[in-house]
$ cat work-v2.cif   # mmCIF, C-alpha atoms
data_target
#
loop_
_atom_site.label_atom_id
_atom_site.label_comp_id
_atom_site.auth_asym_id
_atom_site.auth_seq_id
_atom_site.Cartn_x
_atom_site.Cartn_y
_atom_site.Cartn_z
CA GLN P 168 53.87 150.76 -18.06
CA SER P 169 51.42 153.27 -19.48
CA LEU P 170 52.87 152.87 -22.98
CA ASN P 171 52.47 149.11 -22.71
CA ASP P 172 48.87 149.45 -21.52
CA PHE P 173 48.12 151.87 -24.35
CA ALA P 174 49.56 149.45 -26.91
CA VAL P 175 47.69 146.45 -25.50
CA PHE P 176 44.30 148.12 -25.16
CA GLY P 177 44.70 150.06 -28.42
CA THR P 178 45.35 146.79 -30.23
CA MET P 179 42.34 145.22 -28.52
CA ALA P 180 40.11 148.12 -29.55
CA PHE P 181 41.37 147.98 -33.14
CA GLY P 182 40.76 144.23 -33.29
CA SER P 183 37.27 144.61 -31.88
CA PHE P 184 36.32 147.26 -34.40
CA LEU P 185 37.86 145.27 -37.23
CA SER P 186 36.09 142.05 -36.31
CA GLY P 187 32.80 143.91 -35.85
CA GLY P 188 33.14 145.43 -39.30
CA LEU P 189 34.01 142.07 -40.83
CA LEU P 190 31.07 140.44 -39.08
CA THR P 191 28.66 143.08 -40.31
CA ALA P 192 29.98 143.10 -43.87
CA TYR P 193 30.82 139.44 -44.53
CA GLY P 194 29.30 137.28 -41.80
CA TRP P 195 30.49 134.96 -39.09
CA ASN P 196 32.19 132.38 -41.32
CA THR P 197 34.59 134.99 -42.69
CA VAL P 198 35.54 136.12 -39.19
CA LEU P 199 36.20 132.52 -38.18
CA TRP P 200 38.28 131.73 -41.27
CA LEU P 201 40.36 134.90 -40.89
CA SER P 202 41.05 134.04 -37.26
CA PHE P 203 42.94 130.95 -38.40
CA ALA P 204 45.82 133.06 -39.79
CA PRO P 205 46.99 134.46 -36.40
CA LEU P 206 46.35 131.07 -34.82
CA ALA P 207 48.58 129.39 -37.41
CA LEU P 208 51.32 132.00 -36.92
CA ALA P 209 51.22 131.55 -33.16
CA SER P 210 51.34 127.75 -33.52
CA ILE P 211 54.33 127.95 -35.86
CA ALA P 212 56.14 130.33 -33.51
CA LEU P 213 55.46 128.05 -30.55
CA ALA P 214 56.63 124.97 -32.43
CA SER P 215 59.82 126.65 -33.64
CA THR P 216 60.60 127.96 -30.15
CA SER P 217 60.05 124.53 -28.68
CA ALA P 218 62.24 122.91 -31.32
CA SER P 219 65.07 125.38 -30.78
CA ARG P 220 64.95 124.83 -27.01
CA GLN P 221 65.13 121.08 -27.49
CA ASP P 222 68.13 121.49 -29.80
CA ARG P 223 69.97 123.58 -27.20
CA THR P 224 69.29 121.14 -24.36
CA ALA P 225 70.30 118.12 -26.48
CA ALA P 226 73.65 119.63 -27.45
#
$ encode --input "work-v2.cif" --output "structure tokens"
Amino acid sequence: QSLNDFAVFGTMAFGSFLSGGLLTAYGWNTVLWLSFAPLALASIALASTSASRQDRTAA
């Protein structure tokens, strides 16, 4: 449990520092545009998981 908490909150801290640095250096538009990459990856993963579940239930 403690390893999981460390990984979660460490990742959150890293992301906060990274986004703060990006915001300071490049502005808000850059932070917004770069946030689309993880959003797109998550959407693709969700769509592929949903499609594979539908294939298994249809067969």
$ residues_around --input "work-v2.cif" --residues "Trp200 in chain P" --least-positions-apart "6" --cutoff "12 Å" --atoms "all atoms listed in the file" --output "PyMOL selection string"
chain P and resi 186+189-190+193-194+206-207
$ residues_near_point --input "work-v2.cif" --point "(36.5, 143.5, -39.2)" --cutoff "12 Å" --atoms "only C-alpha atoms" --output "PyMOL selection string"
chain P and resi 180-195+197-199+201-202
$ atom_distance --input "work-v2.cif" --atom1 "CA of Pro205 in chain P" --atom2 "CA of Gly177 in chain P"
17.7 Å
$ build_atoms --input "work-v2.cif" --residues "range 175-194 of chain P" --atoms "N, CA, C and O atoms" --output "tab-separated table (two decimals), in the coordinates of the input"
chain	number	residue	atom	x	y	z
P	175	VAL	N	48.52	147.64	-25.66
P	175	VAL	CA	47.69	146.45	-25.50
P	175	VAL	C	46.21	146.79	-25.73
P	175	VAL	O	45.53	146.14	-26.53
P	176	PHE	N	45.73	147.81	-25.05
P	176	PHE	CA	44.30	148.12	-25.16
P	176	PHE	C	43.97	148.78	-26.49
P	176	PHE	O	42.86	148.62	-27.00
P	177	GLY	N	44.92	149.51	-27.08
P	177	GLY	CA	44.70	150.06	-28.42
P	177	GLY	C	44.58	148.96	-29.45
P	177	GLY	O	43.73	149.01	-30.34
P	178	THR	N	45.43	147.93	-29.32
P	178	THR	CA	45.35	146.79	-30.23
P	178	THR	C	44.05	146.03	-30.03
P	178	THR	O	43.42	145.59	-31.01
P	179	MET	N	43.62	145.89	-28.79
P	179	MET	CA	42.34	145.22	-28.52
P	179	MET	C	41.18	145.99	-29.13
P	179	MET	O	40.28	145.39	-29.73
P	180	ALA	N	41.18	147.30	-28.99
P	180	ALA	CA	40.11	148.12	-29.55
P	180	ALA	C	40.10	148.03	-31.08
P	180	ALA	O	39.04	147.87	-31.69
P	181	PHE	N	41.28	148.10	-31.68
P	181	PHE	CA	41.37	147.98	-33.14
P	181	PHE	C	40.85	146.63	-33.61
P	181	PHE	O	40.08	146.54	-34.57
P	182	GLY	N	41.24	145.57	-32.93
P	182	GLY	CA	40.76	144.23	-33.29
P	182	GLY	C	39.27	144.08	-33.12
P	182	GLY	O	38.60	143.44	-33.93
P	183	SER	N	38.72	144.68	-32.09
P	183	SER	CA	37.27	144.61	-31.88
P	183	SER	C	36.51	145.33	-32.98
P	183	SER	O	35.51	144.82	-33.50
P	184	PHE	N	36.98	146.52	-33.32
P	184	PHE	CA	36.32	147.26	-34.40
P	184	PHE	C	36.47	146.54	-35.74
P	184	PHE	O	35.53	146.48	-36.53
P	185	LEU	N	37.63	145.99	-35.98
P	185	LEU	CA	37.86	145.27	-37.23
P	185	LEU	C	36.98	144.03	-37.33
P	185	LEU	O	36.35	143.78	-38.36
P	186	SER	N	36.92	143.26	-36.26
P	186	SER	CA	36.09	142.05	-36.31
P	186	SER	C	34.61	142.40	-36.39
P	186	SER	O	33.85	141.70	-37.06
P	187	GLY	N	34.20	143.48	-35.74
P	187	GLY	CA	32.80	143.91	-35.85
P	187	GLY	C	32.45	144.33	-37.27
P	187	GLY	O	31.38	144.00	-37.78
P	188	GLY	N	33.37	145.04	-37.91
P	188	GLY	CA	33.14	145.43	-39.30
P	188	GLY	C	33.10	144.23	-40.23
P	188	GLY	O	32.27	144.16	-41.14
P	189	LEU	N	34.01	143.30	-40.01
P	189	LEU	CA	34.01	142.07	-40.83
P	189	LEU	C	32.73	141.27	-40.62
P	189	LEU	O	32.16	140.74	-41.57
P	190	LEU	N	32.29	141.18	-39.38
P	190	LEU	CA	31.07	140.44	-39.08
P	190	LEU	C	29.87	141.07	-39.76
P	190	LEU	O	29.05	140.37	-40.35
P	191	THR	N	29.79	142.38	-39.70
P	191	THR	CA	28.66	143.08	-40.31
P	191	THR	C	28.69	142.95	-41.83
P	191	THR	O	27.66	142.71	-42.46
P	192	ALA	N	29.88	143.08	-42.42
P	192	ALA	CA	29.98	143.10	-43.87
P	192	ALA	C	29.96	141.71	-44.51
P	192	ALA	O	29.33	141.51	-45.55
P	193	TYR	N	30.62	140.73	-43.87
P	193	TYR	CA	30.82	139.44	-44.53
P	193	TYR	C	30.24	138.25	-43.79
P	193	TYR	O	30.18	137.16	-44.33
P	194	GLY	N	29.89	138.39	-42.53
P	194	GLY	CA	29.30	137.28	-41.80
P	194	GLY	C	30.29	136.55	-40.91
P	194	GLY	O	31.50	136.79	-40.93
